[in-house]
Amino acid sequence: AVTEVTAAFTKIFTLTVVRAGSGTATSSPSGIDCGTQCKATYLDGEVVTLTATPATGGLFQNWSGDCSGTADCVITMNADKSVQAKFDLTFASASHFTVSATAKPDSLAIADLNGDGRLDIVTTNTDNSSGFSVFIGNGSAGLLDPPTAFPMAPTPRGVVISDFNQDGKLDVATANESDDSVSFRLGDGTGSFAAATSFPVGDGPRSLATGDFNGDNRPDVITANLNTHDVSVLLNADNTSLFGSATHFGVATSTYSAAVGDLNKDGKMDIVGANAFANPADPLLHNTITILLGSGTGNFSDEGEIPLGGTDPFSVILVDVNNDGNLDAVTANRMSSTVSVLLGNGLCVVGNCTFGAAKDFSVGSVKSPLWVAAGDMNHDGQVDLVTANRSGNDVSVLLGDGTGTFQSALLFFVGKPCPIFPCPPPPGPRSVAIADLNGDGKNDIITANATSGDITILLGR
């Protein structure tokens, strides 16, 4: 006899939730807890209810995609569905960690210095006595242990962390403005460092960056030199002596800060400088960025200046803000209280290196932004911008949409409250960094505050 069997298959569909801002979305039946689990599968015809819960002190704004409005989102799963839950952006109350009463912290670098899986913080201090300070992350609610100071040459400004002698332990380098040098302290893997060794560079180095500029797989260093209108390159020679003599590459104006990256995807590192101050020989050459294309041998060609819309660019970063795979340039402009965004095309060659026209975005009125950092602050997968505002005593968060456009600035105060007179000094933040300090999967904001002698941490929600 012949037996016929009929197999019945039930379709399964995927529900994806994209979370933007500070809050979580959960589902009934279970499967979505976004937060952490933002995708789940459900049977054909199954009805799923999504509930949005904002972070403490925050608000839920709306659903979009396959849901709309502000009430619970009810979806019948008859196809793959995608929903965005939009919350406003909030942070936990600011925490403050004193560097010293006189330290005047200037720049920040963040890495795991002692190999315990927790991020540590380094600040440069321009009081000429405490060099740089190290805050070891302790993983507790307090976040950081009290700082330890390591003296350096006078007026350290910029700071980078890398393994310069390739022993598997992270080291610290600073650009020393008054001493016209870069100083290195080799790490021992515990958060402590050997005595400093210094190497001469140009006059008035304000910032530094690291990368492999000659293809030997060793971290090299560049400095932006304010007074000699040039960039100094220190090539890493070996694990003992570290660096040889600096090579200097002249630029047309005074470069205040510099960033490194591969602008044309040829595998060779390039340099972009932010030019805040005019060259007395040609006072029109400022409010620009400078492009130096790398040859891969440690040499660079000056591709000239690209104008900005904003004035007094104090810092520059390279980051892909529009998801096209090309590095874009972003500057923080002190006098105009803006950021300038120049979209890269990946086509820079010697003699022809261009960016898209600068687009300016306000960080707020009379803010004096000195530094800009990039990261995803609202969990939507797009690059956002954060500036440290010296005059505003706050940070501005500009949320990106993934096309190179940014929303109006959200402002977050980084000073201490003033319950009684006299008030604590205003923070005067000079620099800002973005990192997940407490390991909860949410980016936090850290500022170095020159006036109040401390750092501020805003924990993301």
# chains A, B, ... in the order shown; residues from 1 in each chain; ligands from 1
>>> residues_around(residues="region 180-184 of chain A", least_positions_apart="6", cutoff="8 Å", atoms="only C-alpha atoms", output="compact mmCIF listing (two decimals) with C-alpha atoms, in the first residue's frame")
# COMPACT_ATOMS: atom_id res chain seq x y z
CA MET A 152 57.91 65.03 32.03
CA ALA A 153 59.58 67.91 30.17
CA ASP A 171 53.94 53.32 26.88
CA VAL A 172 53.09 57.05 27.05
CA ALA A 173 54.41 59.89 24.87
CA THR A 174 53.79 63.62 25.33
CA ALA A 196 61.43 59.80 30.63
CA THR A 197 63.51 60.00 27.46
CA SER A 198 63.09 63.06 25.21
CA PHE A 199 63.67 63.74 21.52
CA PRO A 200 63.81 67.24 19.94
CA VAL A 201 61.11 68.27 17.47
CA GLY A 202 59.96 71.62 16.05
CA ASP A 203 59.15 74.80 17.99
CA GLY A 204 56.00 74.72 20.10
CA PRO A 205 54.60 71.20 19.61
>>> residues_around(residues="Leu370 (chain A)", least_positions_apart="4", cutoff="8 Å", atoms="only C-alpha atoms", output="PDB file with N, CA and C atoms, in the first residue's frame")
ATOM      1  N   PRO A 313      40.258  76.665  13.957  1.00  0.00           N
ATOM      2  CA  PRO A 313      40.165  75.221  14.209  1.00  0.00           C
ATOM      3  C   PRO A 313      41.277  74.761  15.141  1.00  0.00           C
ATOM      4  N   PHE A 314      40.916  74.327  16.341  1.00  0.00           N
ATOM      5  CA  PHE A 314      41.905  73.929  17.334  1.00  0.00           C
ATOM      6  C   PHE A 314      42.215  72.441  17.298  1.00  0.00           C
ATOM      7  N   SER A 315      41.320  71.623  16.795  1.00  0.00           N
ATOM      8  CA  SER A 315      41.602  70.192  16.733  1.00  0.00           C
ATOM      9  C   SER A 315      40.957  69.614  15.489  1.00  0.00           C
ATOM     10  N   ALA A 332      37.117  71.170  15.301  1.00  0.00           N
ATOM     11  CA  ALA A 332      36.439  71.973  16.323  1.00  0.00           C
ATOM     12  C   ALA A 332      36.951  73.398  16.195  1.00  0.00           C
ATOM     13  N   ASN A 333      36.054  74.356  15.973  1.00  0.00           N
ATOM     14  CA  ASN A 333      36.423  75.725  15.640  1.00  0.00           C
ATOM     15  C   ASN A 333      36.100  76.659  16.796  1.00  0.00           C
ATOM     16  N   ARG A 334      37.143  77.155  17.447  1.00  0.00           N
ATOM     17  CA  ARG A 334      36.985  77.885  18.708  1.00  0.00           C
ATOM     18  C   ARG A 334      36.170  79.171  18.547  1.00  0.00           C
ATOM     19  N   THR A 387      32.046  67.746  21.474  1.00  0.00           N
ATOM     20  CA  THR A 387      33.076  68.779  21.611  1.00  0.00           C
ATOM     21  C   THR A 387      33.227  69.179  23.078  1.00  0.00           C
ATOM     22  N   ALA A 388      34.465  69.513  23.459  1.00  0.00           N
ATOM     23  CA  ALA A 388      34.765  70.093  24.769  1.00  0.00           C
ATOM     24  C   ALA A 388      34.730  71.603  24.624  1.00  0.00           C
ATOM     25  N   ASN A 389      33.839  72.260  25.361  1.00  0.00           N
ATOM     26  CA  ASN A 389      33.584  73.690  25.190  1.00  0.00           C
ATOM     27  C   ASN A 389      34.186  74.480  26.346  1.00  0.00           C
ATOM     28  N   ARG A 390      35.305  75.144  26.074  1.00  0.00           N
ATOM     29  CA  ARG A 390      36.050  75.834  27.125  1.00  0.00           C
ATOM     30  C   ARG A 390      35.228  76.948  27.765  1.00  0.00           C
ATOM     31  N   ARG A 430      39.236  71.390  28.218  1.00  0.00           N
ATOM     32  CA  ARG A 430      40.105  71.599  27.061  1.00  0.00           C
ATOM     33  C   ARG A 430      40.060  70.444  26.074  1.00  0.00           C
ATOM     34  N   SER A 431      39.749  69.249  26.528  1.00  0.00           N
ATOM     35  CA  SER A 431      39.738  68.107  25.616  1.00  0.00           C
ATOM     36  C   SER A 431      38.663  67.130  26.057  1.00  0.00           C
TER      37      SER A 431
END
>>> residues_around(residues="region 136-150 of chain A", least_positions_apart="2", cutoff="10 Å", atoms="only C-alpha atoms", output="compact mmCIF listing (two decimals) with N, CA, C and O atoms, in the first residue's frame")
# COMPACT_ATOMS: atom_id res chain seq x y z
N SER A 95 30.56 62.70 37.36
CA SER A 95 31.53 62.36 38.40
C SER A 95 32.81 63.14 38.14
O SER A 95 33.22 63.30 36.98
N PHE A 97 36.99 63.78 39.20
CA PHE A 97 38.18 63.17 39.77
C PHE A 97 39.31 64.19 39.70
O PHE A 97 39.73 64.60 38.61
N THR A 98 39.80 64.59 40.88
CA THR A 98 40.81 65.64 40.96
C THR A 98 42.16 65.13 40.47
O THR A 98 42.61 64.05 40.88
N VAL A 99 42.79 65.90 39.59
CA VAL A 99 44.17 65.62 39.20
C VAL A 99 45.10 66.22 40.26
O VAL A 99 45.85 65.53 40.91
N SER A 100 45.05 67.54 40.42
CA SER A 100 45.66 68.24 41.55
C SER A 100 45.16 69.66 41.50
O SER A 100 44.57 70.10 40.49
N ALA A 103 47.23 71.34 38.60
CA ALA A 103 47.70 70.54 37.46
C ALA A 103 47.37 71.12 36.10
O ALA A 103 48.12 70.98 35.15
N ALA A 111 43.41 53.88 27.71
CA ALA A 111 43.80 52.51 27.32
C ALA A 111 43.91 51.68 28.59
O ALA A 111 43.90 52.22 29.71
N ASP A 112 44.02 50.37 28.43
CA ASP A 112 44.24 49.47 29.56
C ASP A 112 45.74 49.36 29.80
O ASP A 112 46.44 48.60 29.14
N LEU A 113 46.25 50.12 30.76
CA LEU A 113 47.69 50.21 30.98
C LEU A 113 48.24 49.04 31.79
O LEU A 113 49.44 48.76 31.72
N ASN A 114 47.41 48.39 32.58
CA ASN A 114 47.93 47.34 33.47
C ASN A 114 47.37 45.96 33.16
O ASN A 114 47.54 45.03 33.95
N ASP A 116 44.39 44.61 33.11
CA ASP A 116 43.34 44.00 33.93
C ASP A 116 41.98 44.01 33.24
O ASP A 116 40.97 43.66 33.86
N GLY A 117 41.95 44.43 31.98
CA GLY A 117 40.71 44.46 31.24
C GLY A 117 39.86 45.68 31.49
O GLY A 117 38.75 45.78 30.97
N ARG A 118 40.37 46.64 32.26
CA ARG A 118 39.65 47.88 32.54
C ARG A 118 40.41 49.06 31.96
O ARG A 118 41.64 49.09 31.98
N LEU A 119 39.66 50.03 31.48
CA LEU A 119 40.30 51.19 30.87
C LEU A 119 40.84 52.14 31.93
O LEU A 119 40.21 52.38 32.97
N ASP A 120 42.02 52.69 31.64
CA ASP A 120 42.68 53.67 32.49
C ASP A 120 42.77 54.99 31.72
O ASP A 120 42.65 55.03 30.50
N ILE A 121 43.00 56.08 32.44
CA ILE A 121 42.99 57.42 31.84
C ILE A 121 44.32 58.12 32.14
O ILE A 121 44.81 58.09 33.27
N VAL A 122 44.87 58.75 31.10
CA VAL A 122 46.08 59.57 31.23
C VAL A 122 45.73 61.01 30.87
O VAL A 122 45.07 61.26 29.86
N THR A 123 46.15 61.96 31.71
CA THR A 123 46.01 63.38 31.39
C THR A 123 47.39 64.02 31.36
O THR A 123 48.25 63.70 32.19
N THR A 124 47.62 64.93 30.40
CA THR A 124 48.79 65.79 30.48
C THR A 124 48.44 67.01 31.31
O THR A 124 47.32 67.52 31.27
N ASN A 125 49.44 67.50 32.08
CA ASN A 125 49.21 68.59 33.02
C ASN A 125 50.20 69.71 32.74
O ASN A 125 51.41 69.49 32.79
N SER A 129 55.01 70.60 36.58
CA SER A 129 55.58 69.83 37.68
C SER A 129 55.07 68.39 37.69
O SER A 129 55.82 67.48 38.05
N SER A 130 53.81 68.18 37.30
CA SER A 130 53.25 66.84 37.42
C SER A 130 53.22 66.06 36.11
O SER A 130 52.74 64.93 36.08
N GLY A 131 53.74 66.62 35.02
CA GLY A 131 53.90 65.87 33.78
C GLY A 131 52.60 65.30 33.28
O GLY A 131 51.74 66.02 32.77
N PHE A 132 52.42 63.99 33.42
CA PHE A 132 51.12 63.39 33.15
C PHE A 132 50.67 62.60 34.36
O PHE A 132 51.49 62.15 35.18
N SER A 133 49.36 62.46 34.49
CA SER A 133 48.77 61.72 35.60
C SER A 133 48.05 60.50 35.06
O SER A 133 47.44 60.54 34.00
N VAL A 134 48.11 59.41 35.82
CA VAL A 134 47.48 58.15 35.45
C VAL A 134 46.40 57.81 36.46
O VAL A 134 46.66 57.72 37.67
N MET A 152 57.43 65.01 33.41
CA MET A 152 57.91 65.03 32.03
C MET A 152 58.62 66.36 31.80
O MET A 152 58.79 67.17 32.71
N ARG A 185 57.81 57.62 28.17
CA ARG A 185 58.02 56.79 29.35
C ARG A 185 57.53 55.40 29.01
O ARG A 185 56.37 55.21 28.63
N THR A 190 52.11 47.51 34.69
CA THR A 190 51.34 47.62 35.93
C THR A 190 50.65 48.98 36.07
O THR A 190 49.95 49.22 37.05
N GLY A 191 50.89 49.89 35.12
CA GLY A 191 50.42 51.25 35.24
C GLY A 191 51.49 52.20 35.72
O GLY A 191 51.22 53.38 35.95
N SER A 192 52.73 51.70 35.87
CA SER A 192 53.86 52.54 36.21
C SER A 192 54.80 52.61 35.02
O SER A 192 54.70 51.82 34.07
N PHE A 193 55.77 53.56 35.09
CA PHE A 193 56.57 53.86 33.92
C PHE A 193 58.02 54.15 34.30
O PHE A 193 58.30 54.68 35.38
N ALA A 194 58.94 53.82 33.37
CA ALA A 194 60.36 54.12 33.54
C ALA A 194 60.60 55.61 33.37
O ALA A 194 59.70 56.38 33.02
N ALA A 195 61.83 56.03 33.62
CA ALA A 195 62.20 57.43 33.50
C ALA A 195 61.99 57.91 32.06
O ALA A 195 62.05 57.14 31.10
N ALA A 196 61.74 59.21 31.93
CA ALA A 196 61.43 59.80 30.63
C ALA A 196 62.68 59.94 29.76
O ALA A 196 63.77 60.25 30.26
N LEU A 437 33.87 53.19 29.80
CA LEU A 437 34.72 53.03 30.98
C LEU A 437 34.24 51.93 31.91
O LEU A 437 35.06 51.28 32.57
N ASN A 438 32.94 51.72 32.00
CA ASN A 438 32.43 50.76 32.98
C ASN A 438 31.95 49.46 32.34
O ASN A 438 31.32 48.63 33.00
N GLY A 439 32.24 49.26 31.06
CA GLY A 439 32.00 47.99 30.42
C GLY A 439 30.56 47.59 30.28
O GLY A 439 30.24 46.40 30.21
N ILE A 457 33.53 62.68 34.22
CA ILE A 457 33.02 61.49 33.53
C ILE A 457 31.50 61.56 33.50
O ILE A 457 30.85 61.72 34.55
>>> residues_around(residues="region 305-310 of chain A", least_positions_apart="5", cutoff="9 Å", atoms="only C-alpha atoms", output="VMD selection string")
chain A and resid 251 to 253 275 285 to 291 331 to 342 354 to 355 357 to 360
>>> residues_around(residues="Thr53 (chain A)", least_positions_apart="5", cutoff="8 Å", atoms="only C-alpha atoms", output="list in words")
Gly23, Thr24, Ala25 and Phe60 of chain A
>>> write_last_selection(atoms="C-alpha atoms", output="short mmCIF file (atom, residue, chain, number, x, y, z; two decimals), in the first residue's frame")
data_model
loop_
_atom_site.label_atom_id
_atom_site.label_comp_id
_atom_site.auth_asym_id
_atom_site.auth_seq_id
_atom_site.Cartn_x
_atom_site.Cartn_y
_atom_site.Cartn_z
CA GLY A 23 16.40 53.52 26.97
CA THR A 24 15.39 49.92 26.28
CA ALA A 25 12.75 48.10 24.25
CA PHE A 60 10.68 58.09 24.96
#
>>> atom_distance(atom1="CA of Asn78 (chain A)", atom2="CA of Pro54 (chain A)")
28.3 Å
>>> closest_residue(among="A:Ala276, A:Leu343, A:Met77, A:Ala92", to="His229 (chain A)", atoms="only C-alpha atoms")
A:Ala276
>>> residues_around(residues="Thr70 (chain A)", least_positions_apart="3", cutoff="9 Å", atoms="only C-alpha atoms", output="PyMOL selection string")
chain A and resi 52+60-63+73
>>> residues_around(residues="Val395 (chain A)", least_positions_apart="2", cutoff="9 Å", atoms="only C-alpha atoms", output="list of chain:residue names")
A:Val363, A:Lys367, A:Pro369, A:Val386, A:Thr387, A:Ala388, A:Asn389, A:Arg390, A:Gly392, A:Asn393, A:Val397, A:Leu410, A:Leu411, A:Phe412, A:Phe413, A:Val414, A:Pro429, A:Val432, A:Ile445, A:Thr447
